[in-house]
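Accompanying notes for the structure given below.
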Amino acid sequence: KVFGDKRGFFLESWNSMTFESLGLGANMVQDNHSRSKQFTLRGLHYQAGAAAQDKLVWVTSGEVFDVVVDLRTSSPSFGKWEGIHLTEANARRVWVPKGCAHGFLVLSDVADFQYKCTAFYSPVHERCLRWDDADLAIAWPLPTGMRPLVSEKDAQGDSFARCEKFS
């Protein structure tokens, strides 16, 4: 909930009791903050094995198109993706459960993206799913013919067919 008036706003960005009441008991151990320029695409990232992470993500300045891909073979939404616009104005939070890949495309000139994680970053457990995998057909809101700015690692991500899945 965002409480606003002519002075600005107040919101509670994290409350463990609220998440426990939703059945999402989470011990957050790491906070991250990234700043990216327009048409930067980060992802689709996840950690495998014992280092799998739940994440709570949001934008504190700018706007992104945020995407979650379900890699849990036992899930009814396995192999499907969902996208949502996150902005500083709408103050939405997205819960990214373990077993899902996550990424975002910056739509504003610059965006500050923040997230809380339930497991520490582990380079040996880090995985990357290709952002442009044809089997997923994610409808990234890019101008016609434009390719996003991606890291070398993200450009080399695994296909959905080959990526490591969860049960």
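Every chain in the structure tokens takes a letter, A first, then B, and so on in the order presented; its residues are numbered from 1, and the ligands are numbered from 1 following the presented order.
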Extract, using only C-alpha atoms, all DNA, RNA and protein residues at most 12 Å from A:Val96, discarding same-chain residues fewer than 3 positions from it, and format them as number ranges by chain. A: 24, 26, 44-47, 52-58, 66-71, 81-83, 93, 99-103, 115-118
Could you find all residues in stretch 17-98 of chain A that DSSP calls strand (DSSP E) from the backbone, and write them as a PyMOL selection string? chain A and resi 30-37+41-47+55-61+63-70+81-87+94-96
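In this comparison, which uses only C-alpha atoms, the residue of A:Thr60, A:Thr144, A:Asn90, A:Gln114 approaching A:Asp31 most closely is A:Gln114.
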One-decimal distance in Å that lies between atom CA of A:Glu88 and atom CA of A:Gly8: 12.3 Å
